[in-house]
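Trainee: One structure is given below, represented as structure tokens, and several questions about it will come after.
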Amino acid sequence: MSRRTRPHNAAQKKLKILVDMDQVLCDFEGGFLSKYQEKFPDEPFIPLEERNTFYIVDQYTKLRRDLQDKAREILHAEGFFLGLQPIEGARDALMEMWQMDDTEVFICTSPHSHYKYCVFEKFKWVEDHLGEEWINRLILTKDKTMVNGDLLIDDRPRIRGALDPPAWKQVLFSAPYNLSIDSRGRQRLNNWTDGQWRNIVEDFKKRI
């Protein structure tokens with residue numbers, strides 16, 4: 001896919017958009033639950049609508065302490081990230097966003113500390129679902145505050161790091177575990193399908 005057919009106004013500053021991956025572009029929660037129920041059909045599980053902690057392992061540990069190892073087994077398994085399905089509308093929204101004038105779009109995601117399969121599979125997922133050209137737009141970092149940008153679309157309720165505040169403003173992407181959390185002045189994006197993201201992007205363009 002060629003980038004932008006319309007001429008770019010060089011005097012206009014580009015809006016730098018960072019988009020998280022897990023549970024923003026790919027269905028991390030649904031993928032975990034499906035694999036967990038398949039591998040441990042007789043164990044208790046947490047329905048998606050009852051998820052209330054950002055880290056899955058934390059809630060499964062509270063459900064029953066020994067379940068933390070089973071949850072980690074799923075998350076650390078070869079093929080877990082590679083098998084995640086795209087969030088509805090995410091690919092189309094990202095492609096449209098990339099084609100907008102005066103924007104730069106990057107995927108900004110944190111790899112698991114248990115990285116044996118995670119890092120490779122994140123790159124492969126992006127290539128398979130978005131295309132090879134997006135490999136050069138993939139940023140893997142354990143500290144997102146160190147990444148320069150204007151806005152970050154991310155489901156994590158609290159993002160901390162070395163820079164406080166970071167250069168970007170967060171748009172909170174809705175997930176079961178952040179619905180009850182005060183957005184604290186942040187805009188919230190509920191999905192990729194209703195077009196709300198376009199209004200958010202245009203609003204941020206007016207601020208730069």
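To be explicit about the labels: the chains of the structure tokens are called A, B, and onward in the order shown, and within each one the residues are counted from 1, while ligands get numbers from 1 in the order they are shown.
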Fewer than 5 positions away in the same chain doesn't count, so skip those; otherwise give me all residues within 12 Å of region 176-190 of chain A, counting only C-alpha atoms, as a PyMOL selection string.

Mentor: chain A and resi 19+23-24+29-30+46-56+58-59+87-90+151-158+168-171+195-201+203-204

Trainee: Show which residues sit within 7 Å of Leu138 (chain A), as a ChimeraX atom specification. Count only C-alpha atoms, and ignore same-chain residues fewer than 3 positions away.

Mentor: /A:106-108,134-135

Trainee: Would you save the residues from that selection as an mmCIF file, in the first residue's frame, using N, CA, C and O atoms?

Mentor:
```cif
data_model
loop_
_atom_site.group_PDB
_atom_site.id
_atom_site.type_symbol
_atom_site.label_atom_id
_atom_site.label_comp_id
_atom_site.auth_asym_id
_atom_site.auth_seq_id
_atom_site.Cartn_x
_atom_site.Cartn_y
_atom_site.Cartn_z
ATOM 1 N N PHE A 106 2.764 4.794 14.678
ATOM 2 C CA PHE A 106 3.659 3.717 15.092
ATOM 3 C C PHE A 106 2.920 2.798 16.061
ATOM 4 O O PHE A 106 2.047 3.242 16.815
ATOM 5 N N ILE A 107 3.277 1.528 16.043
ATOM 6 C CA ILE A 107 2.792 0.580 17.039
ATOM 7 C C ILE A 107 3.810 0.577 18.179
ATOM 8 O O ILE A 107 5.003 0.403 17.945
ATOM 9 N N CYS A 108 3.336 0.781 19.390
ATOM 10 C CA CYS A 108 4.223 0.866 20.553
ATOM 11 C C CYS A 108 3.739 -0.143 21.595
ATOM 12 O O CYS A 108 2.671 0.035 22.189
ATOM 13 N N TRP A 134 4.860 -2.428 8.022
ATOM 14 C CA TRP A 134 4.638 -2.013 9.404
ATOM 15 C C TRP A 134 5.738 -2.503 10.345
ATOM 16 O O TRP A 134 5.808 -2.055 11.493
ATOM 17 N N ILE A 135 6.593 -3.392 9.888
ATOM 18 C CA ILE A 135 7.702 -3.849 10.726
ATOM 19 C C ILE A 135 8.576 -2.668 11.155
ATOM 20 O O ILE A 135 9.038 -2.591 12.298
#
```

Trainee: Can you list, as an mmCIF file with N, CA, C and O atoms, in the first residue's frame, every protein, DNA or RNA residue that comes within 8 Å of region 119-121 of chain A when you count only C-alpha atoms, leaving out same-chain residues fewer than 4 positions away?

Mentor:
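Result file around25.cif:
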```cif
data_model
loop_
_atom_site.group_PDB
_atom_site.id
_atom_site.type_symbol
_atom_site.label_atom_id
_atom_site.label_comp_id
_atom_site.auth_asym_id
_atom_site.auth_seq_id
_atom_site.Cartn_x
_atom_site.Cartn_y
_atom_site.Cartn_z
ATOM 1 N N GLY A 79 3.555 -19.639 20.333
ATOM 2 C CA GLY A 79 2.368 -19.502 19.503
ATOM 3 C C GLY A 79 1.254 -18.676 20.106
ATOM 4 O O GLY A 79 0.278 -18.362 19.418
ATOM 5 N N PHE A 81 1.082 -15.381 21.225
ATOM 6 C CA PHE A 81 0.922 -14.070 20.602
ATOM 7 C C PHE A 81 0.596 -14.189 19.118
ATOM 8 O O PHE A 81 -0.209 -13.434 18.575
ATOM 9 N N LEU A 82 1.223 -15.139 18.475
ATOM 10 C CA LEU A 82 1.021 -15.308 17.042
ATOM 11 C C LEU A 82 -0.410 -15.691 16.715
ATOM 12 O O LEU A 82 -0.935 -15.365 15.646
ATOM 13 N N PRO A 111 7.007 -5.826 25.420
ATOM 14 C CA PRO A 111 7.151 -7.282 25.419
ATOM 15 C C PRO A 111 7.136 -7.814 26.843
ATOM 16 O O PRO A 111 7.464 -7.100 27.790
ATOM 17 N N HIS A 112 6.726 -9.062 27.000
ATOM 18 C CA HIS A 112 6.816 -9.701 28.307
ATOM 19 C C HIS A 112 8.280 -9.861 28.708
ATOM 20 O O HIS A 112 9.149 -10.025 27.852
ATOM 21 N N TYR A 115 10.513 -13.365 27.399
ATOM 22 C CA TYR A 115 10.449 -12.896 26.015
ATOM 23 C C TYR A 115 10.791 -13.944 24.961
ATOM 24 O O TYR A 115 10.857 -13.624 23.773
ATOM 25 N N TRP A 125 3.289 -11.213 14.025
ATOM 26 C CA TRP A 125 1.867 -10.866 14.024
ATOM 27 C C TRP A 125 1.643 -9.594 13.203
ATOM 28 O O TRP A 125 0.717 -9.526 12.386
#
```

Trainee: Which one is closest to Lys13 (chain A): A:Val126, A:Tyr117, A:Ile159, A:Thr103? Count only C-alpha atoms.

Mentor: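 Closest to Lys13 (chain A) of all the choices is A:Thr103.
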
Trainee: So how far away is CA of Tyr36 (chain A) from CA of Ala77 (chain A), in Å?

Mentor: 11.1 Å

Trainee: Quick check for you: according to DSSP on this backbone, which residues of region 8-176 of chain A are classed as helix (DSSP H, G or I)? Reply as a short mmCIF file (atom, residue, chain, number, x, y, z; two decimals) with C-alpha atoms, in the first residue's frame.

Mentor:
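In the end it all went to out-v2.cif:
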```cif
data_model
loop_
_atom_site.label_atom_id
_atom_site.label_comp_id
_atom_site.auth_asym_id
_atom_site.auth_seq_id
_atom_site.Cartn_x
_atom_site.Cartn_y
_atom_site.Cartn_z
CA PHE A 28 -5.20 -10.58 24.08
CA GLU A 29 -8.00 -11.30 26.58
CA GLY A 30 -10.07 -13.46 24.26
CA GLY A 31 -7.00 -15.32 23.08
CA PHE A 32 -5.92 -16.10 26.63
CA LEU A 33 -9.34 -17.32 27.76
CA SER A 34 -9.73 -19.55 24.72
CA LYS A 35 -6.32 -21.18 25.23
CA TYR A 36 -6.80 -21.48 28.99
CA GLN A 37 -10.18 -23.24 28.69
CA GLU A 38 -8.82 -25.51 25.98
CA LYS A 39 -5.81 -26.59 28.05
CA LEU A 48 -14.12 -11.63 30.11
CA GLU A 49 -16.71 -9.30 31.63
CA GLU A 50 -15.40 -10.08 35.14
CA ILE A 56 -4.27 -11.57 34.05
CA VAL A 57 -2.01 -13.54 36.39
CA ASP A 58 -2.90 -11.25 39.32
CA GLN A 59 -6.60 -12.06 39.12
CA TYR A 60 -6.09 -15.79 38.57
CA THR A 61 -3.81 -15.83 41.62
CA LYS A 62 -6.63 -14.31 43.69
CA LEU A 63 -9.08 -16.86 42.29
CA LEU A 67 -3.71 -21.00 39.01
CA GLN A 68 -1.00 -18.39 38.54
CA ASP A 69 1.32 -21.03 37.12
CA LYS A 70 -1.36 -22.26 34.72
CA ALA A 71 -2.04 -18.69 33.56
CA ARG A 72 1.68 -18.08 33.00
CA GLU A 73 1.95 -21.34 31.09
CA ILE A 74 -0.59 -20.03 28.59
CA LEU A 75 0.95 -16.58 28.28
CA ALA A 90 -8.46 -2.22 14.29
CA ARG A 91 -6.68 -2.99 11.03
CA ASP A 92 -8.92 -0.77 8.91
CA ALA A 93 -8.64 2.09 11.41
CA LEU A 94 -4.86 1.84 11.58
CA MET A 95 -4.53 1.79 7.80
CA GLU A 96 -6.82 4.79 7.44
CA MET A 97 -4.97 6.64 10.17
CA TRP A 98 -1.69 5.98 8.37
CA GLN A 99 -3.06 7.50 5.18
CA CYS A 118 6.92 -12.96 22.66
CA VAL A 119 9.29 -10.64 20.79
CA PHE A 120 9.51 -12.68 17.59
CA GLU A 121 5.77 -13.36 17.57
CA LYS A 122 4.86 -9.70 17.96
CA PHE A 123 6.92 -8.87 14.87
CA LYS A 124 5.41 -11.80 12.98
CA TRP A 125 1.87 -10.87 14.02
CA VAL A 126 2.36 -7.35 12.69
CA GLU A 127 3.76 -8.64 9.42
CA ASP A 128 0.96 -11.19 8.99
CA HIS A 129 -1.95 -8.90 9.85
CA LEU A 130 -0.75 -5.45 8.82
CA GLU A 132 5.71 -6.01 5.98
CA GLU A 133 5.85 -2.21 5.80
CA TRP A 134 4.64 -2.01 9.40
CA ILE A 135 7.70 -3.85 10.73
CA ASN A 136 9.60 -0.56 10.55
CA ARG A 137 6.80 1.10 12.53
CA LYS A 144 6.65 3.79 26.93
CA THR A 145 7.27 7.11 28.65
CA MET A 146 10.65 7.19 26.89
CA PRO A 176 -13.14 -4.76 31.11
#
```

Trainee: Nearest to Leu18 (chain A): which of A:Pro41, A:Gly149, A:Pro86, A:Gly131 is it, counting only C-alpha atoms?

Mentor: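 Looking at the shortest contact to Leu18 (chain A), the residue is A:Gly149.
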
Trainee: Pick out the residues sitting within 10 Å of Leu163 (chain A), and hand them over as a ChimeraX atom specification; count only C-alpha atoms, and ignore anything fewer than 2 positions along from it in its own chain.

Mentor: /A:143-147,160-161,165-167

Trainee: Can I get the selection written as a PDB file, in the first residue's frame, with N, CA, C and O atoms?

Mentor:
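The result, stored in result_6.pdb:
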```pdb
ATOM      1  N   ASP A 143       9.463   0.687  28.614  1.00  0.00           N
ATOM      2  CA  ASP A 143       9.117   1.991  29.189  1.00  0.00           C
ATOM      3  C   ASP A 143       8.582   2.897  28.083  1.00  0.00           C
ATOM      4  O   ASP A 143       9.336   3.526  27.349  1.00  0.00           O
ATOM      5  N   LYS A 144       7.273   2.987  27.986  1.00  0.00           N
ATOM      6  CA  LYS A 144       6.650   3.787  26.930  1.00  0.00           C
ATOM      7  C   LYS A 144       6.803   5.280  27.162  1.00  0.00           C
ATOM      8  O   LYS A 144       6.647   6.068  26.224  1.00  0.00           O
ATOM      9  N   THR A 145       7.095   5.685  28.397  1.00  0.00           N
ATOM     10  CA  THR A 145       7.273   7.113  28.645  1.00  0.00           C
ATOM     11  C   THR A 145       8.512   7.657  27.943  1.00  0.00           C
ATOM     12  O   THR A 145       8.629   8.866  27.734  1.00  0.00           O
ATOM     13  N   MET A 146       9.425   6.775  27.555  1.00  0.00           N
ATOM     14  CA  MET A 146      10.647   7.193  26.886  1.00  0.00           C
ATOM     15  C   MET A 146      10.464   7.368  25.379  1.00  0.00           C
ATOM     16  O   MET A 146      11.381   7.804  24.689  1.00  0.00           O
ATOM     17  N   VAL A 147       9.276   7.037  24.875  1.00  0.00           N
ATOM     18  CA  VAL A 147       9.004   7.144  23.441  1.00  0.00           C
ATOM     19  C   VAL A 147       8.347   8.488  23.155  1.00  0.00           C
ATOM     20  O   VAL A 147       7.361   8.865  23.801  1.00  0.00           O
ATOM     21  N   ARG A 160       3.497   4.165  33.914  1.00  0.00           N
ATOM     22  CA  ARG A 160       4.572   4.849  34.630  1.00  0.00           C
ATOM     23  C   ARG A 160       5.915   4.510  33.990  1.00  0.00           C
ATOM     24  O   ARG A 160       6.067   3.476  33.360  1.00  0.00           O
ATOM     25  N   GLY A 161       6.876   5.390  34.196  1.00  0.00           N
ATOM     26  CA  GLY A 161       8.201   5.152  33.651  1.00  0.00           C
ATOM     27  C   GLY A 161       9.163   6.236  34.079  1.00  0.00           C
ATOM     28  O   GLY A 161       8.902   6.997  35.025  1.00  0.00           O
ATOM     29  N   PRO A 165       5.852  14.062  33.456  1.00  0.00           N
ATOM     30  CA  PRO A 165       4.983  13.349  32.526  1.00  0.00           C
ATOM     31  C   PRO A 165       5.710  13.005  31.231  1.00  0.00           C
ATOM     32  O   PRO A 165       6.726  13.630  30.911  1.00  0.00           O
ATOM     33  N   PRO A 166       5.177  12.038  30.478  1.00  0.00           N
ATOM     34  CA  PRO A 166       5.753  11.731  29.158  1.00  0.00           C
ATOM     35  C   PRO A 166       5.366  12.803  28.144  1.00  0.00           C
ATOM     36  O   PRO A 166       4.531  13.679  28.445  1.00  0.00           O
ATOM     37  N   ALA A 167       5.941  12.735  26.971  1.00  0.00           N
ATOM     38  CA  ALA A 167       5.653  13.727  25.933  1.00  0.00           C
ATOM     39  C   ALA A 167       4.231  13.572  25.396  1.00  0.00           C
ATOM     40  O   ALA A 167       3.600  14.546  24.997  1.00  0.00           O
TER      41      ALA A 167
END
```

Trainee: In region 118-164 of chain A, what's strand (DSSP E) per DSSP? Answer as an mmCIF file with N, CA and C atoms, in the first residue's frame?

Mentor:
```cif
data_model
loop_
_atom_site.group_PDB
_atom_site.id
_atom_site.type_symbol
_atom_site.label_atom_id
_atom_site.label_comp_id
_atom_site.auth_asym_id
_atom_site.auth_seq_id
_atom_site.Cartn_x
_atom_site.Cartn_y
_atom_site.Cartn_z
ATOM 1 N N LEU A 138 7.137 -0.614 14.180
ATOM 2 C CA LEU A 138 6.887 -1.327 15.428
ATOM 3 C C LEU A 138 7.968 -0.975 16.449
ATOM 4 N N ILE A 139 7.538 -0.454 17.594
ATOM 5 C CA ILE A 139 8.441 -0.086 18.681
ATOM 6 C C ILE A 139 8.165 -1.010 19.860
ATOM 7 N N LEU A 140 9.182 -1.767 20.284
ATOM 8 C CA LEU A 140 9.074 -2.600 21.481
ATOM 9 C C LEU A 140 9.881 -1.946 22.591
ATOM 10 N N LEU A 151 0.215 11.433 20.986
ATOM 11 C CA LEU A 151 -0.827 10.695 21.693
ATOM 12 C C LEU A 151 -0.526 9.209 21.646
ATOM 13 N N LEU A 152 -0.905 8.536 22.717
ATOM 14 C CA LEU A 152 -0.738 7.092 22.848
ATOM 15 C C LEU A 152 -2.111 6.482 23.104
ATOM 16 N N ILE A 153 -2.539 5.582 22.245
ATOM 17 C CA ILE A 153 -3.786 4.850 22.438
ATOM 18 C C ILE A 153 -3.443 3.538 23.116
ATOM 19 N N ASP A 154 -3.865 3.379 24.367
ATOM 20 C CA ASP A 154 -3.393 2.262 25.195
ATOM 21 C C ASP A 154 -4.472 1.897 26.217
#
```

Trainee: In Å to one decimal, how far is CA of Leu84 (chain A) from CA of Cys26 (chain A)?

Mentor: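 Interatomic distance here is 6.0 Å.
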
Trainee: For a test of reading the model, state the distance in Å between CA of Ser174 (chain A) and CA of Val105 (chain A), rounded to one decimal.

Mentor: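 Interatomic distance, CA of Ser174 (chain A) to CA of Val105 (chain A): 19.9 Å.
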